[in-house]
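Colleague: Shown below is the structure under consideration.
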2 protein chains.
Amino acid sequence: MDFNLSCPIPKSEYDKVLLAHGGGGTLSHHLLQKIFFSQFKNELLDVQHDGAMFEIDENKFAFTTDSYVVSPIFFPGGNIGELAVNGTVNDLAVCGAKPLFISAGFIIEEGFEIEELWKIVLSMKSAADKANVKIVTGDTKVVDKGKGDKLFINTSGIGLIEKDVNISPANCKAGDVILLNGKIAEHGIAIMSAREGLEFETEVISDTAPLNGLVDLILLTSKNVHVMRDPTRGGIASSLNEIASTAEVGILIDENKIPISEEVKGACEILGLDPLYIANEGKLLVFAAEEDSEKILNVMRSHEFGREAQIIGKVVADNPKSVVMKTLVGSTRIVDMISGEQLPRIC
Amino acid sequence: MDFNLSCPIPKSEYDKVLLAHGGGGTLSHHLLQKIFFSQFKNELLDVQHDGAMFEIDENKFAFTTDSYVVSPIFFPGGNIGELAVNGTVNDLAVCGAKPLFISAGFIIEEGFEIEELWKIVLSMKSAADKANVKIVTGDTKVVDKGKGDKLFINTSGIGLIEKDVNISPANCKAGDVILLNGKIAEHGIAIMSAREGLEFETEVISDTAPLNGLVDLILLTSKNVHVMRDPTRGGIASSLNEIASTAEVGILIDENKIPISEEVKGACEILGLDPLYIANEGKLLVFAAEEDSEKILNVMRSHEFGREAQIIGKVVADNPKSVVMKTLVGSTRIVDMISGEQLPRIC
């Protein structure tokens, strides 16, 4: 280890971490690639999936981690606790793993209300029960007042992958269809409306939900699922770009097919935000062979978290590494990776 | 799930989280028991070991998590990054597990220097290499300036437990000897001296180190190791009390046998601190059958992290659930669980 190894990001580029480095866009990726991946390089990390996958004897496992810093910690439709449980459950599920065990690490700011902590713990317990996972180990740290922000939670998780399941961006190929289980951008807009005091005719609530039940059903239905992803930070645009880039394929989506509510559409117009880039916490993108698309769509629609599922696009050979959208008016536009982030601390 | 379940800590007791709740003493335990364990109750969590242990088919695993909020993030002998890697390696090792994979979750305060992040990542890579573990998955969040404190790191880890290894507080029994691998309280004093600008003739440096190599050697040498613990937050006093309490045994230690440097002793006198309660980050307590004590001691002393190992005490049938120390002057005193914490944000 050469501790004099010079920093791979020159000061002339940037010398401080920016909020946008946490946004899941190109700046996040730059920091990850240059600082973290360059050093931590190994065959498991390099896959850059939502979790690491490894085998011990005959068993395949997935292992994943996420820290939650959402603000405010209570928001329409949920709180930081259930978000932390569902988020890690979902990261495991999209690896094709059945979530088994979860850890919970709490960083609490001095002065945080015990009653609020209690409510969050209750909802974590409830979320864990719903997802059929156990919280088996944990840690609590307290930082001085003004050195944190109420509560941050890290959850890490371990899941078991069925022997015949093989989910990886590398499997995705031209001709695959892309399915989405429901309306986009609800989590991000719920957080924004809580922050900004926005009011809509119908309240927009976070879509936070455990996706492992839905994923189980899909994997039982089709042996031709190639990639799954839960499009959180950075929205479906960022997830689709990541997959296009990793799999070196083109992606074509149809704006007309992307489920979105009128309230969310309205809020995005008011706030000047593009819903494709806004965080979801209960959405699932599925890439599968065209031949199975109808039966996957049907089984998704049979599940409580997939009632509004749609086939939103397909994988194409043209324009590798890019995402193109056929717009409502019939023209096409490139859906780029966003550079910074529209909404800091959304999860 | 009854979300109206009232908070088990009445407001008359305390209504806000205190720094002392993060100290590893009785207040920490109170919060853990009342708020977390009461809800997350399950057979793995209930063991209250440093990590959860579970079996999948023929294989036994350990799973553990810790968040690091140490301040300052660079201190004599190390930084938050290697501390985070070593800490999780050690939590796995004291479960009798060979650490395999580690996750790293970063919560970065906006404005944090990229150069500092780079140095920390380099030392994490180096620590992972030394401990022979891989960092396989991670997450980066950025919080606004003033809502964090430079950098917090969560590491979670998975380890594999050899089939014939069975380490658990429940195994410890009267007659067992207690071994310690070296000098106590160095990490805590290194942090305090960095904070307070204390200067000693010889600088006190943190003992942060990976203990899995030493643990491997011990487990190869003896099949009669009953409990191991790395006495971090709350020092050896807290770890010994936890074990005495869980195993419902008495513990008798000999002050004369506890390794401690003159500098640390001096610093503790100046600061009014009891070294038994001060954090270590490279110390190992081993409870083993008396018949194997000499060979364990010898093999510990053959290892770079055990040169100054000592037999510091034994498990007794008297005074169950308490720790008694024979002092330097020959009297005895009870070594209680500390209530709050002497040193906040030590790890």
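Within each chain, counting starts at residue 1; across the structure tokens, chains are named A, B, ... in the order shown, with ligands numbered 1 upward in that order.
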Applying 9 Å and only C-alpha atoms, which residues near region 294-306 of chain B remain after dropping the ones on its own chain fewer than 5 positions away? List them as a VMD selection string.
Modeller: chain B and resid 179 to 182 209 to 211 213 to 215 217 to 219 221 to 222 282 to 284 288 311
Colleague: Determine, counting only C-alpha atoms, which protein, DNA and RNA residues have an atom within 9 Å of an atom of Lys125 (chain A); residues of the same chain fewer than 6 positions away are not included. Present the result as a list in words.
Modeller: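 In the requested format, the answer is Gly81, Glu82, Val85, Lys134 and Ile135 of chain A; Met1, Gln39 and Phe40 of chain B.
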Colleague: Taking only C-alpha atoms into account, which of A:Tyr68, A:Phe287, A:Phe200, A:Tyr277 comes nearest chain B?
Modeller: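 The answer is A:Tyr68, which sits nearest to chain B.
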Colleague: List the spatial neighbours of region 47-56 of chain B as a ChimeraX atom specification - criterion: any atom at most 6 Å away, only C-alpha atoms, same-chain residues fewer than 4 positions off excluded.
Modeller: /A:136-137 /B:60-64,91
Colleague: Select, from A:Glu115, A:Glu281, A:Glu186, A:Asp318, the residue with the minimum atom-to-atom distance to chain B, counting only C-alpha atoms.
Modeller: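 Looking at the shortest contact to chain B, the residue is A:Glu115.
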Colleague: With a distance cut-off of 7 Å and only C-alpha atoms, select the neighbouring residues of Val143 (chain B), excluding the residue or stretch itself and same-chain residues fewer than 5 positions from it, and output the selection as a list of chain:residue names.
Modeller: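 Final neighbour list, sorted by chain and number: A:Leu19, A:Arg345, B:Ile108, B:Glu109, B:Glu110, B:Gly148.
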Colleague: Go ahead and write the residues just picked, N, CA and C atoms, as a tab-separated table (two decimals), in the first residue's frame.
Modeller:
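Written out: part30.tsv:
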chain	number	residue	atom	x	y	z
A	19	LEU	N	-22.90	18.30	-2.32
A	19	LEU	CA	-24.17	17.59	-2.14
A	19	LEU	C	-24.47	16.70	-3.34
A	345	ARG	N	-30.79	14.42	-0.19
A	345	ARG	CA	-31.29	13.71	1.00
A	345	ARG	C	-32.71	13.20	0.85
B	108	ILE	N	-21.15	11.47	4.25
B	108	ILE	CA	-20.15	12.53	4.13
B	108	ILE	C	-20.82	13.87	4.30
B	109	GLU	N	-20.19	14.75	5.09
B	109	GLU	CA	-20.71	16.11	5.21
B	109	GLU	C	-20.26	16.91	4.00
B	110	GLU	N	-21.18	17.65	3.42
B	110	GLU	CA	-20.86	18.54	2.30
B	110	GLU	C	-19.64	19.40	2.66
B	148	GLY	N	-23.82	17.01	9.58
B	148	GLY	CA	-23.02	15.82	9.85
B	148	GLY	C	-21.75	16.29	10.51
Colleague: Please determine the contact residues of chain B with respect to chain A at a cut-off of 6 Å, counting only C-alpha atoms, and supply them as a PyMOL selection string.
Modeller: chain B and resi 1+15-19+22+44-45+52+65-66+110-114+126+136-139+141-142+147-149
Colleague: Please report, as number ranges by chain, each residue of region 121-298 of chain A to which DSSP assigns strand (DSSP E) when run on this structure's backbone.
Modeller: A: 134-143, 151-161, 177-180, 225-229, 250-254, 285-288
Colleague: May I have the residues from that selection written out with C-alpha atoms, as a PDB file, in the first residue's frame?
Modeller:
ATOM      1  CA  LYS A 134     -35.299 -10.495  10.695  1.00  0.00           C
ATOM      2  CA  ILE A 135     -33.294  -7.628  12.130  1.00  0.00           C
ATOM      3  CA  VAL A 136     -30.576  -9.686  13.798  1.00  0.00           C
ATOM      4  CA  THR A 137     -27.789  -7.323  14.765  1.00  0.00           C
ATOM      5  CA  GLY A 138     -27.403  -3.618  15.345  1.00  0.00           C
ATOM      6  CA  ASP A 139     -25.407  -0.722  16.653  1.00  0.00           C
ATOM      7  CA  THR A 140     -26.218   2.643  18.213  1.00  0.00           C
ATOM      8  CA  LYS A 141     -24.013   5.702  18.171  1.00  0.00           C
ATOM      9  CA  VAL A 142     -24.858   9.139  19.523  1.00  0.00           C
ATOM     10  CA  VAL A 143     -23.226  12.298  18.143  1.00  0.00           C
ATOM     11  CA  LEU A 151     -31.242  10.247  12.878  1.00  0.00           C
ATOM     12  CA  PHE A 152     -29.304   8.391  10.199  1.00  0.00           C
ATOM     13  CA  ILE A 153     -29.860   4.656   9.751  1.00  0.00           C
ATOM     14  CA  ASN A 154     -27.696   2.138   7.965  1.00  0.00           C
ATOM     15  CA  THR A 155     -29.196  -1.192   7.025  1.00  0.00           C
ATOM     16  CA  SER A 156     -27.197  -4.021   5.539  1.00  0.00           C
ATOM     17  CA  GLY A 157     -28.718  -7.274   4.426  1.00  0.00           C
ATOM     18  CA  ILE A 158     -27.995 -10.847   3.485  1.00  0.00           C
ATOM     19  CA  GLY A 159     -30.143 -12.836   1.081  1.00  0.00           C
ATOM     20  CA  LEU A 160     -30.112 -16.260  -0.481  1.00  0.00           C
ATOM     21  CA  ILE A 161     -30.325 -16.665  -4.255  1.00  0.00           C
ATOM     22  CA  VAL A 177     -38.649  -5.932 -22.830  1.00  0.00           C
ATOM     23  CA  ILE A 178     -38.606  -3.541 -19.893  1.00  0.00           C
ATOM     24  CA  LEU A 179     -41.439  -3.662 -17.367  1.00  0.00           C
ATOM     25  CA  LEU A 180     -42.221  -1.237 -14.553  1.00  0.00           C
ATOM     26  CA  VAL A 225     -35.636 -12.466 -16.242  1.00  0.00           C
ATOM     27  CA  HIS A 226     -32.276 -10.881 -17.046  1.00  0.00           C
ATOM     28  CA  VAL A 227     -31.993  -7.779 -14.887  1.00  0.00           C
ATOM     29  CA  MET A 228     -34.005  -6.147 -12.129  1.00  0.00           C
ATOM     30  CA  ARG A 229     -33.390  -2.798 -10.511  1.00  0.00           C
ATOM     31  CA  GLY A 250     -29.346   0.781 -26.058  1.00  0.00           C
ATOM     32  CA  ILE A 251     -32.640   1.355 -24.262  1.00  0.00           C
ATOM     33  CA  LEU A 252     -35.762   2.738 -25.867  1.00  0.00           C
ATOM     34  CA  ILE A 253     -38.686   3.764 -23.655  1.00  0.00           C
ATOM     35  CA  ASP A 254     -42.121   5.080 -24.432  1.00  0.00           C
ATOM     36  CA  LEU A 285     -37.693  -2.326 -13.355  1.00  0.00           C
ATOM     37  CA  VAL A 286     -37.635  -5.796 -14.917  1.00  0.00           C
ATOM     38  CA  PHE A 287     -35.701  -6.696 -18.058  1.00  0.00           C
ATOM     39  CA  ALA A 288     -36.853 -10.009 -19.510  1.00  0.00           C
TER      40      ALA A 288
END
Colleague: Select from region 86-191 of chain A everything DSSP, run on the backbone, classes as helix (DSSP H, G or I), then give the selection as a count of residues only.
Modeller: 35
Colleague: May I ask which of the residues A:Met325, A:Leu220, A:Val89, A:Leu100 is the closest one to Asp292 (chain A), counting only C-alpha atoms?
Modeller: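 Going through A:Met325, A:Leu220, A:Val89, A:Leu100 one by one, the smallest distance to Asp292 (chain A) is for A:Leu220.
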